[in-house]
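Structure first, then comments.
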Amino acid sequence: MADEKILTRHPQGKSGRSIDKAKYDKVAKAIRSALREDELTHTDLMSRVKEALDGRFDGNISWYAETVKLDLEARKAIERTSSRPQRYRLR
């Protein structure tokens with residue numbers, strides 16, 4: 001049986017990527033967990049996700065984190081602030 005896939009979305013309507021759903025869920029959980037505590041800059045968010053998944057994730061954490069972050073933005077689960085520097089928060 002093939003692994004279940006999810007087609008990600010992009011907040012600007014660009015084409016999404018088809019990725020393994022189990023990996024998507026793991027990264028999405030790490031992003032939500034990091035943002036539960038505070039609004040974070042892109043750099044801080046990526047650092048926390050990498051820290052949470054390092055050694056427990058098969059694949060390029062940075063690539064998956066960016067892809068899932070964009071999908072969560074497109075699905076309105078997280079949002080960017082208009083402040084400078086931009087920060088991310090749960091909706």
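Each chain in the structure tokens gets a letter, A, B and so on, in the order shown; residues start at 1 in every chain, and ligands are counted from 1 in the order they appear.
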Hey, what's within 10 Å of Leu70 of chain A if we count only C-alpha atoms and toss same-chain stuff fewer than 4 positions away? As number ranges by chain, please?
A: 8-12, 16, 64-66, 74-76, 78-79
Report as a PyMOL selection string all protein, DNA and RNA residues lying within 7 Å of Val27 of chain A, evaluated on only C-alpha atoms, omitting residues in the same chain fewer than 3 positions from it.
chain A and resi 23-24+30-31+65+68
So which bits of segment 1-85 of chain A end up strand (DSSP E) when you DSSP the backbone, as a count of residues only?
11
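In terms of minimum interatomic distance to Ser33 of chain A, A:Glu51 ranks closest within A:Asp58, A:Glu51, A:Asp71, A:Glu4, counting only C-alpha atoms.
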Neighbouring residues of Asp38 of chain A were defined as those with any atom within 9 Å, considering only C-alpha atoms; residues of the same chain fewer than 5 positions away were excluded. Please report them as a count of residues only.
3
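For the choices A:Arg56, A:Arg48, A:Lys69, A:Arg87, the atom-to-atom distance to Ala28 of chain A is smallest for A:Lys69 when using only C-alpha atoms.
You will find atom CA of Asp44 of chain A at 18.2 Å from atom CA of Lys26 of chain A.
Distance check against Lys29 of chain A using only C-alpha atoms: of A:Ala77, A:Asp3, A:Gly55, A:Lys14, the minimum falls on A:Ala77.
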Quote the spacing between atom CA of Ser82 of chain A and atom CA of Asn60 of chain A in Å to one decimal place.
28.7 Å
Where in chain A does DSSP assign alpha helix (DSSP H), given as an MDAnalysis selection string?
chainID A and resid 21:37 42:53 61:74
Would you mind exporting the chosen residues as a short mmCIF file (atom, residue, chain, number, x, y, z; two decimals), in the first residue's frame, restricted to N, CA and C atoms?
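Dumped everything to result36.cif:
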data_model
loop_
_atom_site.label_atom_id
_atom_site.label_comp_id
_atom_site.auth_asym_id
_atom_site.auth_seq_id
_atom_site.Cartn_x
_atom_site.Cartn_y
_atom_site.Cartn_z
N LYS A 21 1.84 12.45 4.01
CA LYS A 21 0.96 13.00 5.04
C LYS A 21 1.53 12.83 6.45
N ALA A 22 2.20 11.73 6.72
CA ALA A 22 2.77 11.52 8.05
C ALA A 22 3.84 12.59 8.35
N LYS A 23 4.66 12.91 7.33
CA LYS A 23 5.67 13.95 7.51
C LYS A 23 5.00 15.31 7.68
N TYR A 24 3.98 15.57 6.87
CA TYR A 24 3.23 16.83 6.99
C TYR A 24 2.69 16.99 8.41
N ASP A 25 2.05 15.95 8.92
CA ASP A 25 1.45 16.02 10.25
C ASP A 25 2.50 16.28 11.33
N LYS A 26 3.66 15.63 11.21
CA LYS A 26 4.72 15.80 12.19
C LYS A 26 5.25 17.24 12.19
N VAL A 27 5.46 17.79 11.01
CA VAL A 27 5.98 19.16 10.89
C VAL A 27 4.91 20.17 11.32
N ALA A 28 3.67 19.96 10.92
CA ALA A 28 2.58 20.87 11.31
C ALA A 28 2.43 20.91 12.82
N LYS A 29 2.56 19.78 13.46
CA LYS A 29 2.46 19.72 14.92
C LYS A 29 3.59 20.52 15.57
N ALA A 30 4.80 20.41 15.02
CA ALA A 30 5.94 21.15 15.56
C ALA A 30 5.75 22.66 15.37
N ILE A 31 5.21 23.06 14.23
CA ILE A 31 4.97 24.49 13.98
C ILE A 31 3.91 25.02 14.94
N ARG A 32 2.81 24.31 15.07
CA ARG A 32 1.74 24.76 15.98
C ARG A 32 2.24 24.83 17.43
N SER A 33 3.03 23.86 17.82
CA SER A 33 3.58 23.82 19.17
C SER A 33 4.48 25.04 19.42
N ALA A 34 5.32 25.36 18.45
CA ALA A 34 6.22 26.51 18.60
C ALA A 34 5.43 27.82 18.69
N LEU A 35 4.37 27.94 17.90
CA LEU A 35 3.60 29.18 17.88
C LEU A 35 2.59 29.28 19.02
N ARG A 36 2.36 28.19 19.72
CA ARG A 36 1.44 28.21 20.85
C ARG A 36 1.99 29.11 21.96
N GLU A 37 3.32 29.17 22.07
CA GLU A 37 3.96 29.93 23.14
C GLU A 37 4.01 31.43 22.85
N HIS A 42 10.39 34.40 11.30
CA HIS A 42 10.62 33.24 10.44
C HIS A 42 11.84 32.46 10.92
N THR A 43 12.92 33.16 11.22
CA THR A 43 14.16 32.50 11.67
C THR A 43 13.93 31.73 12.96
N ASP A 44 13.26 32.35 13.93
CA ASP A 44 13.00 31.68 15.21
C ASP A 44 12.08 30.48 15.03
N LEU A 45 11.07 30.62 14.18
CA LEU A 45 10.14 29.51 13.93
C LEU A 45 10.89 28.33 13.32
N MET A 46 11.69 28.58 12.30
CA MET A 46 12.42 27.50 11.65
C MET A 46 13.41 26.84 12.61
N SER A 47 14.03 27.64 13.47
CA SER A 47 14.97 27.09 14.46
C SER A 47 14.26 26.17 15.45
N ARG A 48 13.08 26.59 15.90
CA ARG A 48 12.33 25.76 16.86
C ARG A 48 11.83 24.46 16.23
N VAL A 49 11.41 24.54 14.99
CA VAL A 49 10.94 23.33 14.30
C VAL A 49 12.12 22.37 14.12
N LYS A 50 13.24 22.90 13.69
CA LYS A 50 14.43 22.06 13.49
C LYS A 50 14.85 21.42 14.81
N GLU A 51 14.84 22.19 15.87
CA GLU A 51 15.20 21.68 17.19
C GLU A 51 14.24 20.56 17.64
N ALA A 52 12.96 20.76 17.38
CA ALA A 52 11.95 19.78 17.80
C ALA A 52 12.05 18.47 17.01
N LEU A 53 12.45 18.55 15.74
CA LEU A 53 12.44 17.36 14.89
C LEU A 53 13.83 16.76 14.65
N ILE A 61 14.51 18.95 6.97
CA ILE A 61 13.58 19.62 7.88
C ILE A 61 13.25 21.02 7.40
N SER A 62 14.25 21.76 6.94
CA SER A 62 14.02 23.15 6.50
C SER A 62 13.03 23.20 5.33
N TRP A 63 13.19 22.32 4.35
CA TRP A 63 12.30 22.30 3.19
C TRP A 63 10.88 21.96 3.61
N TYR A 64 10.73 20.91 4.40
CA TYR A 64 9.39 20.50 4.85
C TYR A 64 8.76 21.59 5.72
N ALA A 65 9.55 22.21 6.59
CA ALA A 65 9.01 23.25 7.48
C ALA A 65 8.49 24.43 6.66
N GLU A 66 9.23 24.84 5.64
CA GLU A 66 8.79 25.97 4.80
C GLU A 66 7.54 25.59 4.02
N THR A 67 7.51 24.40 3.45
CA THR A 67 6.36 23.95 2.67
C THR A 67 5.11 23.86 3.54
N VAL A 68 5.23 23.29 4.72
CA VAL A 68 4.08 23.14 5.61
C VAL A 68 3.65 24.50 6.16
N LYS A 69 4.61 25.37 6.47
CA LYS A 69 4.28 26.72 6.95
C LYS A 69 3.44 27.46 5.91
N LEU A 70 3.84 27.40 4.66
CA LEU A 70 3.08 28.06 3.59
C LEU A 70 1.68 27.46 3.47
N ASP A 71 1.58 26.14 3.60
CA ASP A 71 0.27 25.49 3.54
C ASP A 71 -0.61 25.94 4.70
N LEU A 72 -0.05 26.01 5.89
CA LEU A 72 -0.84 26.44 7.05
C LEU A 72 -1.29 27.88 6.90
N GLU A 73 -0.47 28.71 6.27
CA GLU A 73 -0.89 30.09 5.98
C GLU A 73 -2.07 30.08 4.99
N ALA A 74 -1.94 29.30 3.94
CA ALA A 74 -2.99 29.24 2.91
C ALA A 74 -4.30 28.72 3.49
#
